[in-house]
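Novice: Sharing upload-v3.cif here; it has mmCIF, N, CA and C atoms.
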data_final
loop_
_atom_site.label_atom_id
_atom_site.label_comp_id
_atom_site.auth_asym_id
_atom_site.auth_seq_id
_atom_site.Cartn_x
_atom_site.Cartn_y
_atom_site.Cartn_z
N MET A 125 -4.06 -34.85 29.74
CA MET A 125 -3.02 -33.88 29.99
C MET A 125 -2.02 -33.90 28.84
N ARG A 126 -1.45 -32.74 28.56
CA ARG A 126 -0.45 -32.59 27.51
C ARG A 126 0.83 -32.08 28.13
N ARG A 127 1.93 -32.35 27.45
CA ARG A 127 3.23 -31.91 27.93
C ARG A 127 3.65 -30.69 27.11
N ASN A 128 4.09 -29.64 27.78
CA ASN A 128 4.59 -28.44 27.13
C ASN A 128 5.96 -28.76 26.54
N ARG A 129 6.16 -28.45 25.27
CA ARG A 129 7.41 -28.80 24.58
C ARG A 129 8.61 -28.04 25.12
N SER A 130 8.42 -26.75 25.44
CA SER A 130 9.57 -25.95 25.84
C SER A 130 10.02 -26.26 27.27
N THR A 131 9.10 -26.47 28.17
CA THR A 131 9.49 -26.69 29.56
C THR A 131 9.41 -28.15 29.97
N GLY A 132 8.63 -28.94 29.25
CA GLY A 132 8.46 -30.35 29.60
C GLY A 132 7.42 -30.56 30.69
N ASN A 133 6.82 -29.48 31.19
CA ASN A 133 5.80 -29.60 32.23
C ASN A 133 4.48 -30.07 31.64
N LEU A 134 3.70 -30.74 32.43
CA LEU A 134 2.38 -31.17 32.01
C LEU A 134 1.42 -29.97 32.06
N ILE A 135 0.55 -29.90 31.06
CA ILE A 135 -0.44 -28.83 31.00
C ILE A 135 -1.81 -29.46 31.17
N ASP A 136 -2.53 -29.04 32.15
CA ASP A 136 -3.89 -29.54 32.37
C ASP A 136 -4.84 -28.55 31.69
N PRO A 137 -5.57 -29.00 30.65
CA PRO A 137 -6.43 -28.07 29.92
C PRO A 137 -7.55 -27.48 30.77
N LEU A 138 -7.93 -28.14 31.84
CA LEU A 138 -9.00 -27.62 32.68
C LEU A 138 -8.51 -26.57 33.66
N VAL A 139 -7.26 -26.68 34.10
CA VAL A 139 -6.71 -25.75 35.07
C VAL A 139 -6.18 -24.49 34.38
N GLU A 140 -5.47 -24.67 33.26
CA GLU A 140 -4.87 -23.55 32.54
C GLU A 140 -5.38 -23.54 31.10
N PRO A 141 -6.63 -23.12 30.84
CA PRO A 141 -7.18 -23.20 29.48
C PRO A 141 -6.47 -22.29 28.48
N GLU A 142 -6.06 -21.08 28.90
CA GLU A 142 -5.38 -20.19 27.97
C GLU A 142 -4.03 -20.76 27.53
N ARG A 143 -3.30 -21.29 28.48
CA ARG A 143 -1.99 -21.86 28.17
C ARG A 143 -2.14 -23.07 27.25
N TYR A 144 -3.13 -23.88 27.51
CA TYR A 144 -3.39 -25.06 26.69
C TYR A 144 -3.79 -24.64 25.27
N THR A 145 -4.64 -23.62 25.17
CA THR A 145 -5.08 -23.14 23.86
C THR A 145 -3.91 -22.57 23.07
N ARG A 146 -3.05 -21.80 23.73
CA ARG A 146 -1.87 -21.24 23.04
C ARG A 146 -0.95 -22.35 22.54
N ALA A 147 -0.77 -23.38 23.36
CA ALA A 147 0.09 -24.49 22.96
C ALA A 147 -0.50 -25.23 21.75
N ARG A 148 -1.80 -25.45 21.75
CA ARG A 148 -2.45 -26.13 20.62
C ARG A 148 -2.36 -25.28 19.35
N LEU A 149 -2.56 -23.96 19.50
CA LEU A 149 -2.48 -23.06 18.36
C LEU A 149 -1.07 -23.05 17.78
N PHE A 150 -0.08 -23.04 18.65
CA PHE A 150 1.31 -23.07 18.20
C PHE A 150 1.59 -24.35 17.41
N ILE A 151 1.10 -25.48 17.90
CA ILE A 151 1.32 -26.76 17.22
C ILE A 151 0.64 -26.77 15.85
N ARG A 152 -0.58 -26.21 15.78
CA ARG A 152 -1.29 -26.15 14.49
C ARG A 152 -0.52 -25.29 13.49
N LYS A 153 -0.04 -24.12 13.94
CA LYS A 153 0.73 -23.23 13.05
C LYS A 153 2.01 -23.91 12.58
N LEU A 154 2.66 -24.62 13.48
CA LEU A 154 3.89 -25.32 13.13
C LEU A 154 3.62 -26.40 12.09
N LYS A 155 2.56 -27.17 12.27
CA LYS A 155 2.21 -28.22 11.30
C LYS A 155 1.85 -27.62 9.95
N LYS A 156 1.13 -26.49 9.96
CA LYS A 156 0.77 -25.83 8.71
C LYS A 156 2.01 -25.33 7.97
N ALA A 157 2.94 -24.74 8.71
CA ALA A 157 4.18 -24.24 8.10
C ALA A 157 4.99 -25.38 7.51
N MET A 158 5.02 -26.51 8.21
CA MET A 158 5.77 -27.66 7.70
C MET A 158 5.11 -28.21 6.44
N ALA A 159 3.77 -28.21 6.38
CA ALA A 159 3.07 -28.68 5.19
C ALA A 159 3.32 -27.75 4.01
N GLU A 160 3.36 -26.44 4.26
CA GLU A 160 3.64 -25.49 3.19
C GLU A 160 5.06 -25.64 2.67
N ASP A 161 6.00 -25.94 3.56
CA ASP A 161 7.39 -26.13 3.15
C ASP A 161 7.53 -27.32 2.20
N ARG A 162 6.70 -28.33 2.38
CA ARG A 162 6.76 -29.50 1.49
C ARG A 162 6.33 -29.13 0.07
N ASN A 163 5.46 -28.12 -0.07
CA ASN A 163 4.96 -27.72 -1.38
C ASN A 163 5.92 -26.80 -2.12
N GLN A 164 6.91 -26.27 -1.43
CA GLN A 164 7.85 -25.35 -2.07
C GLN A 164 8.96 -26.13 -2.77
N ARG A 165 9.46 -25.50 -3.86
CA ARG A 165 10.55 -26.13 -4.59
C ARG A 165 11.87 -25.86 -3.89
N PRO A 166 12.81 -26.79 -3.99
CA PRO A 166 14.13 -26.53 -3.42
C PRO A 166 14.85 -25.43 -4.21
N LEU A 167 15.77 -24.76 -3.57
CA LEU A 167 16.51 -23.66 -4.18
C LEU A 167 17.23 -24.10 -5.45
N LYS A 168 17.67 -25.34 -5.50
CA LYS A 168 18.38 -25.87 -6.66
C LYS A 168 17.53 -25.77 -7.92
N GLU A 169 16.20 -25.96 -7.79
CA GLU A 169 15.33 -25.91 -8.96
C GLU A 169 15.21 -24.50 -9.53
N PHE A 170 15.37 -23.48 -8.70
CA PHE A 170 15.30 -22.11 -9.20
C PHE A 170 16.52 -21.76 -10.05
N ALA A 171 17.63 -22.42 -9.84
CA ALA A 171 18.85 -22.13 -10.57
C ALA A 171 18.85 -22.75 -11.96
N GLN A 172 17.96 -23.71 -12.20
CA GLN A 172 17.92 -24.37 -13.50
C GLN A 172 17.04 -23.57 -14.46
N PRO A 173 17.44 -23.49 -15.73
CA PRO A 173 16.66 -22.71 -16.68
C PRO A 173 15.28 -23.32 -16.91
N SER A 174 14.33 -22.45 -17.15
CA SER A 174 12.95 -22.88 -17.38
C SER A 174 12.76 -23.19 -18.86
N ASN A 175 11.90 -24.15 -19.15
CA ASN A 175 11.59 -24.49 -20.54
C ASN A 175 10.49 -23.60 -21.09
N GLU A 176 9.84 -22.83 -20.22
CA GLU A 176 8.76 -21.98 -20.65
C GLU A 176 9.29 -20.76 -21.39
N GLU A 177 8.60 -20.40 -22.45
CA GLU A 177 8.94 -19.23 -23.24
C GLU A 177 8.40 -18.00 -22.52
N PRO A 178 9.21 -16.95 -22.33
CA PRO A 178 8.66 -15.76 -21.71
C PRO A 178 7.55 -15.17 -22.58
N SER A 179 6.46 -14.77 -21.96
CA SER A 179 5.34 -14.26 -22.74
C SER A 179 4.91 -12.91 -22.17
N SER A 180 4.21 -12.16 -22.99
CA SER A 180 3.74 -10.85 -22.59
C SER A 180 2.25 -10.76 -22.86
N SER A 181 1.57 -9.96 -22.08
CA SER A 181 0.15 -9.75 -22.31
C SER A 181 -0.09 -8.74 -23.42
N ILE A 182 0.96 -8.04 -23.84
CA ILE A 182 0.84 -7.02 -24.88
C ILE A 182 1.36 -7.56 -26.21
N VAL A 183 0.56 -7.40 -27.25
CA VAL A 183 0.98 -7.77 -28.59
C VAL A 183 1.52 -6.51 -29.26
N ASN A 184 2.82 -6.47 -29.48
CA ASN A 184 3.42 -5.31 -30.14
C ASN A 184 3.22 -5.42 -31.65
N PRO A 185 2.67 -4.37 -32.29
CA PRO A 185 2.50 -4.42 -33.74
C PRO A 185 3.85 -4.51 -34.44
N THR A 186 3.88 -5.20 -35.56
CA THR A 186 5.13 -5.30 -36.31
C THR A 186 5.43 -3.96 -36.97
N LEU A 187 6.70 -3.65 -37.01
CA LEU A 187 7.15 -2.39 -37.61
C LEU A 187 7.84 -2.69 -38.93
N THR A 188 7.67 -1.80 -39.90
CA THR A 188 8.27 -2.01 -41.21
C THR A 188 9.75 -1.64 -41.23
N THR A 189 10.17 -0.82 -40.32
CA THR A 189 11.58 -0.42 -40.27
C THR A 189 12.34 -1.30 -39.29
N LYS A 190 13.61 -1.48 -39.55
CA LYS A 190 14.44 -2.31 -38.69
C LYS A 190 15.26 -1.48 -37.71
N ASN A 191 15.28 -0.19 -37.87
CA ASN A 191 16.13 0.64 -37.02
C ASN A 191 15.34 1.44 -35.98
N PHE A 192 14.14 1.01 -35.64
CA PHE A 192 13.35 1.70 -34.63
C PHE A 192 13.85 1.31 -33.25
N GLU A 193 14.01 2.31 -32.39
CA GLU A 193 14.38 2.04 -31.01
C GLU A 193 13.78 3.11 -30.11
N LEU A 194 13.50 2.71 -28.88
CA LEU A 194 13.03 3.66 -27.89
C LEU A 194 14.25 4.35 -27.30
N LYS A 195 14.23 5.64 -27.29
CA LYS A 195 15.38 6.42 -26.80
C LYS A 195 15.49 6.28 -25.28
N PRO A 196 16.71 6.09 -24.77
CA PRO A 196 16.90 5.96 -23.31
C PRO A 196 16.36 7.15 -22.53
N ALA A 197 16.45 8.35 -23.07
CA ALA A 197 15.95 9.53 -22.37
C ALA A 197 14.43 9.45 -22.18
N LEU A 198 13.74 8.95 -23.21
CA LEU A 198 12.29 8.79 -23.11
C LEU A 198 11.93 7.70 -22.10
N LEU A 199 12.69 6.62 -22.11
CA LEU A 199 12.46 5.55 -21.13
C LEU A 199 12.64 6.08 -19.71
N GLN A 200 13.64 6.90 -19.50
CA GLN A 200 13.88 7.48 -18.18
C GLN A 200 12.72 8.37 -17.75
N LEU A 201 12.21 9.19 -18.67
CA LEU A 201 11.08 10.05 -18.35
C LEU A 201 9.85 9.22 -17.96
N VAL A 202 9.60 8.17 -18.71
CA VAL A 202 8.45 7.31 -18.42
C VAL A 202 8.63 6.63 -17.07
N GLN A 203 9.83 6.16 -16.79
CA GLN A 203 10.09 5.46 -15.53
C GLN A 203 10.07 6.40 -14.33
N GLN A 204 10.32 7.68 -14.54
CA GLN A 204 10.22 8.64 -13.44
C GLN A 204 8.78 8.91 -13.04
N ASN A 205 7.85 8.62 -13.94
CA ASN A 205 6.43 8.84 -13.67
C ASN A 205 5.68 7.51 -13.65
N GLN A 206 6.22 6.51 -12.95
CA GLN A 206 5.60 5.19 -12.92
C GLN A 206 4.36 5.17 -12.03
N PHE A 207 3.44 4.28 -12.39
CA PHE A 207 2.21 4.07 -11.63
C PHE A 207 2.34 2.75 -10.88
N ALA A 208 2.07 2.79 -9.56
CA ALA A 208 2.23 1.59 -8.73
C ALA A 208 0.91 0.97 -8.31
N GLY A 209 -0.21 1.62 -8.61
CA GLY A 209 -1.50 1.07 -8.24
C GLY A 209 -1.90 1.36 -6.80
N LEU A 210 -1.26 2.34 -6.18
CA LEU A 210 -1.60 2.69 -4.80
C LEU A 210 -2.91 3.48 -4.75
N ALA A 211 -3.57 3.45 -3.62
CA ALA A 211 -4.85 4.14 -3.46
C ALA A 211 -4.71 5.65 -3.60
N THR A 212 -3.54 6.17 -3.32
CA THR A 212 -3.31 7.62 -3.40
C THR A 212 -3.00 8.09 -4.81
N GLU A 213 -2.79 7.17 -5.73
CA GLU A 213 -2.44 7.53 -7.11
C GLU A 213 -3.69 7.58 -7.98
N ASN A 214 -3.67 8.47 -8.95
CA ASN A 214 -4.78 8.62 -9.87
C ASN A 214 -4.41 7.96 -11.21
N PRO A 215 -5.06 6.84 -11.57
CA PRO A 215 -4.69 6.16 -12.82
C PRO A 215 -4.96 7.00 -14.06
N ASN A 216 -6.02 7.81 -14.04
CA ASN A 216 -6.32 8.65 -15.20
C ASN A 216 -5.24 9.71 -15.42
N GLN A 217 -4.75 10.28 -14.34
CA GLN A 217 -3.66 11.26 -14.44
C GLN A 217 -2.40 10.58 -14.97
N HIS A 218 -2.13 9.37 -14.50
CA HIS A 218 -0.96 8.63 -14.99
C HIS A 218 -1.07 8.41 -16.50
N LEU A 219 -2.24 7.97 -16.96
CA LEU A 219 -2.42 7.73 -18.40
C LEU A 219 -2.28 9.01 -19.21
N LYS A 220 -2.79 10.11 -18.68
CA LYS A 220 -2.68 11.40 -19.37
C LYS A 220 -1.22 11.79 -19.55
N VAL A 221 -0.44 11.69 -18.47
CA VAL A 221 0.99 12.03 -18.54
C VAL A 221 1.72 11.04 -19.44
N PHE A 222 1.38 9.75 -19.32
CA PHE A 222 2.03 8.73 -20.14
C PHE A 222 1.82 9.00 -21.63
N ILE A 223 0.59 9.32 -22.01
CA ILE A 223 0.29 9.58 -23.43
C ILE A 223 1.05 10.82 -23.92
N GLN A 224 1.12 11.84 -23.08
CA GLN A 224 1.88 13.04 -23.46
C GLN A 224 3.34 12.70 -23.70
N LEU A 225 3.91 11.90 -22.81
CA LEU A 225 5.32 11.52 -22.98
C LEU A 225 5.52 10.65 -24.21
N ALA A 226 4.63 9.68 -24.41
CA ALA A 226 4.77 8.75 -25.53
C ALA A 226 4.62 9.48 -26.86
N ASP A 227 3.78 10.51 -26.89
CA ASP A 227 3.56 11.24 -28.14
C ASP A 227 4.70 12.18 -28.50
N THR A 228 5.69 12.30 -27.62
CA THR A 228 6.85 13.13 -27.97
C THR A 228 7.77 12.42 -28.95
N LEU A 229 7.66 11.10 -29.04
CA LEU A 229 8.49 10.33 -29.97
C LEU A 229 7.72 10.12 -31.27
N LYS A 230 8.32 10.49 -32.34
CA LYS A 230 7.73 10.28 -33.66
C LYS A 230 8.72 9.49 -34.50
N ALA A 231 8.21 8.44 -35.13
CA ALA A 231 9.03 7.63 -36.04
C ALA A 231 8.23 7.38 -37.29
N ASN A 232 8.89 7.39 -38.42
CA ASN A 232 8.19 7.23 -39.70
C ASN A 232 7.48 5.90 -39.82
N ALA A 233 8.07 4.84 -39.34
CA ALA A 233 7.50 3.52 -39.53
C ALA A 233 6.62 3.07 -38.37
N ALA A 234 6.58 3.83 -37.30
CA ALA A 234 5.83 3.41 -36.11
C ALA A 234 4.65 4.33 -35.86
N THR A 235 3.50 3.73 -35.61
CA THR A 235 2.32 4.52 -35.25
C THR A 235 2.41 4.89 -33.78
N SER A 236 1.58 5.84 -33.38
CA SER A 236 1.60 6.24 -31.97
C SER A 236 1.14 5.08 -31.08
N LYS A 237 0.22 4.24 -31.58
CA LYS A 237 -0.23 3.08 -30.80
C LYS A 237 0.91 2.09 -30.58
N ALA A 238 1.72 1.87 -31.61
CA ALA A 238 2.84 0.94 -31.50
C ALA A 238 3.85 1.44 -30.46
N ILE A 239 4.10 2.73 -30.47
CA ILE A 239 5.05 3.32 -29.52
C ILE A 239 4.48 3.21 -28.10
N ARG A 240 3.20 3.53 -27.94
CA ARG A 240 2.58 3.45 -26.61
C ARG A 240 2.60 2.03 -26.06
N LEU A 241 2.29 1.05 -26.91
CA LEU A 241 2.28 -0.34 -26.45
C LEU A 241 3.67 -0.80 -26.01
N ARG A 242 4.69 -0.33 -26.70
CA ARG A 242 6.05 -0.71 -26.33
C ARG A 242 6.51 -0.02 -25.05
N LEU A 243 6.05 1.20 -24.82
CA LEU A 243 6.47 1.97 -23.66
C LEU A 243 5.69 1.63 -22.39
N PHE A 244 4.43 1.20 -22.54
CA PHE A 244 3.54 1.07 -21.39
C PHE A 244 4.08 0.21 -20.25
N PRO A 245 4.68 -0.96 -20.50
CA PRO A 245 5.20 -1.75 -19.37
C PRO A 245 6.22 -1.01 -18.52
N PHE A 246 6.96 -0.08 -19.13
CA PHE A 246 7.97 0.68 -18.39
C PHE A 246 7.33 1.72 -17.46
N SER A 247 6.05 2.01 -17.66
CA SER A 247 5.38 3.02 -16.85
C SER A 247 4.73 2.43 -15.61
N LEU A 248 4.86 1.13 -15.40
CA LEU A 248 4.21 0.47 -14.27
C LEU A 248 5.24 -0.13 -13.32
N ARG A 249 4.86 -0.19 -12.05
CA ARG A 249 5.69 -0.87 -11.05
C ARG A 249 4.78 -1.40 -9.95
N GLY A 250 5.31 -2.25 -9.11
CA GLY A 250 4.56 -2.77 -7.96
C GLY A 250 3.32 -3.55 -8.35
N LYS A 251 2.21 -3.24 -7.70
CA LYS A 251 0.95 -3.95 -7.94
C LYS A 251 0.47 -3.77 -9.37
N ALA A 252 0.69 -2.60 -9.93
CA ALA A 252 0.26 -2.34 -11.30
C ALA A 252 1.02 -3.24 -12.28
N ARG A 253 2.31 -3.41 -12.06
CA ARG A 253 3.10 -4.28 -12.94
C ARG A 253 2.69 -5.75 -12.75
N ASP A 254 2.41 -6.12 -11.50
CA ASP A 254 1.92 -7.47 -11.23
C ASP A 254 0.61 -7.73 -11.97
N TRP A 255 -0.26 -6.71 -12.00
CA TRP A 255 -1.53 -6.83 -12.72
C TRP A 255 -1.27 -7.08 -14.19
N LEU A 256 -0.38 -6.30 -14.79
CA LEU A 256 -0.09 -6.46 -16.21
C LEU A 256 0.47 -7.84 -16.50
N ASP A 257 1.37 -8.32 -15.64
CA ASP A 257 1.96 -9.64 -15.84
C ASP A 257 0.95 -10.76 -15.61
N SER A 258 -0.11 -10.50 -14.86
CA SER A 258 -1.11 -11.54 -14.58
C SER A 258 -2.11 -11.71 -15.71
N LEU A 259 -2.16 -10.78 -16.65
CA LEU A 259 -3.10 -10.89 -17.76
C LEU A 259 -2.69 -12.04 -18.67
N THR A 260 -3.66 -12.58 -19.37
CA THR A 260 -3.36 -13.70 -20.26
C THR A 260 -2.48 -13.23 -21.41
N THR A 261 -1.74 -14.15 -21.96
CA THR A 261 -0.81 -13.85 -23.04
C THR A 261 -1.54 -13.27 -24.25
N ASN A 262 -0.99 -12.21 -24.81
CA ASN A 262 -1.51 -11.55 -26.00
C ASN A 262 -2.93 -11.01 -25.83
N SER A 263 -3.29 -10.57 -24.64
CA SER A 263 -4.65 -10.07 -24.41
C SER A 263 -4.81 -8.59 -24.73
N ILE A 264 -3.71 -7.84 -24.85
CA ILE A 264 -3.77 -6.42 -25.18
C ILE A 264 -3.22 -6.24 -26.59
N THR A 265 -4.09 -5.73 -27.47
CA THR A 265 -3.69 -5.54 -28.85
C THR A 265 -3.95 -4.10 -29.27
N ALA A 266 -3.40 -3.70 -30.42
CA ALA A 266 -3.58 -2.33 -30.92
C ALA A 266 -4.97 -2.14 -31.46
#
The structure given in the file should be rewritten as structure tokens.
Specialist:
Amino acid sequence: MRRNRSTGNLIDPLVEPERYTRARLFIRKLKKAMAEDRNQRPLKEFAQPSNEEPSSSIVNPTLTTKNFELKPALLQLVQQNQFAGLATENPNQHLKVFIQLADTLKANAATSKAIRLRLFPFSLRGKARDWLDSLTTNSITA
């Protein structure tokens, strides 16, 4: 016989099998949650700076000019047409619109590939952005 934690009553597994099963399942879930909590870092550790260098999966080509910048208006246009990776979204349509927007910017020292690589992360959000961040460092090149 087992004792119910909330009421303190004894539970006979043969008389009340559903109640006994629910109690056992609750205890297993509780133990699992407690084990997972031990694996998590305390909040204090999140406030401390990381020694890891931020990395990107995209290798941006070097530019010969020092005054190249992405215009805020272009960034806004790209961010208004972000791709989230949802089943209802068409990735090919997103890329078509993205390339059209990226090709509106022309700079003497920057190729269209360099501009597209710099703009592409701004065109993603949600699962699509998580996918980009999950790629290995420097895996996308011009």
Novice: Rounded to one decimal in Å, what is the spacing between CA of Arg253 (chain A) and atom N of Phe207 (chain A)?
Specialist: 8.6 Å
Novice: For the structure provided, state which residues fall under the PyMOL selection byres ((chain A and resi 189-192) around 8), and present them as a compact mmCIF listing (two decimals) with N, CA and C atoms, in the frame of the given file.
Specialist:
# COMPACT_ATOMS: atom_id res chain seq x y z
N THR A 186 3.88 -5.20 -35.56
CA THR A 186 5.13 -5.30 -36.31
C THR A 186 5.43 -3.96 -36.97
N LEU A 187 6.70 -3.65 -37.01
CA LEU A 187 7.15 -2.39 -37.61
C LEU A 187 7.84 -2.69 -38.93
N THR A 188 7.67 -1.80 -39.90
CA THR A 188 8.27 -2.01 -41.21
C THR A 188 9.75 -1.64 -41.23
N GLU A 193 14.01 2.31 -32.39
CA GLU A 193 14.38 2.04 -31.01
C GLU A 193 13.78 3.11 -30.11
N LEU A 194 13.50 2.71 -28.88
CA LEU A 194 13.03 3.66 -27.89
C LEU A 194 14.25 4.35 -27.30
N LYS A 195 14.23 5.64 -27.29
CA LYS A 195 15.38 6.42 -26.80
C LYS A 195 15.49 6.28 -25.28
N ALA A 231 8.21 8.44 -35.13
CA ALA A 231 9.03 7.63 -36.04
C ALA A 231 8.23 7.38 -37.29
N ASN A 232 8.89 7.39 -38.42
CA ASN A 232 8.19 7.23 -39.70
C ASN A 232 7.48 5.90 -39.82
N ALA A 233 8.07 4.84 -39.34
CA ALA A 233 7.50 3.52 -39.53
C ALA A 233 6.62 3.07 -38.37
N ALA A 234 6.58 3.83 -37.30
CA ALA A 234 5.83 3.41 -36.11
C ALA A 234 4.65 4.33 -35.86
Novice: Can you tell me how far CA of Phe246 (chain A) sits from CA of Gln172 (chain A), in Å to one decimal?
Specialist: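 Between these atoms lies a distance of 27.4 Å.
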Novice: Evaluate the PyMOL selection byres (((chain A and resi 262 and name CA) around 6) and name CA) and record the selected residues as an MDAnalysis selection string, following the chain and residue labels used in the document.
Specialist: chainID A and resid 181:183 261 263:264
Novice: I'd like the contact shell of Ser247 (chain A) - 6.5 Å cut-off, all atoms listed in the file, skipping same-chain residues fewer than 4 positions apart - returned as a VMD selection string.
Specialist: chain A and resid 202 to 203 205 to 207 243
Novice: Evaluate the PyMOL selection byres (((chain A and resi 239 and name CA) around 10) and name CA) against this structure - the residues, as JSON, numbers by chain, please.
Specialist: {"A": [184, 185, 192, 193, 194, 223, 226, 227, 229, 230, 231, 234, 235, 236, 237, 238, 240, 241, 242, 243, 244]}
Novice: What is the distance, in Å and to one decimal place, between CA of Gln217 (chain A) and CA of Ser180 (chain A)?
Specialist: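 Going from CA of Gln217 (chain A) over to CA of Ser180 (chain A), I get 24.7 Å.
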Novice: With distances taken over all atoms listed in the file, which of A:Leu225, A:Ser179, A:Ala157, A:Pro196 is nearest to Thr260 (chain A)?
Specialist: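 Under the stated criterion, the closest residue is A:Ser179.
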Novice: Among region 194-224 of chain A, which ones does DSSP assign to alpha helix (DSSP H) (computed from the backbone)? Answer as an NGL selection string.
Specialist: :A and (196-204 or 215-224)
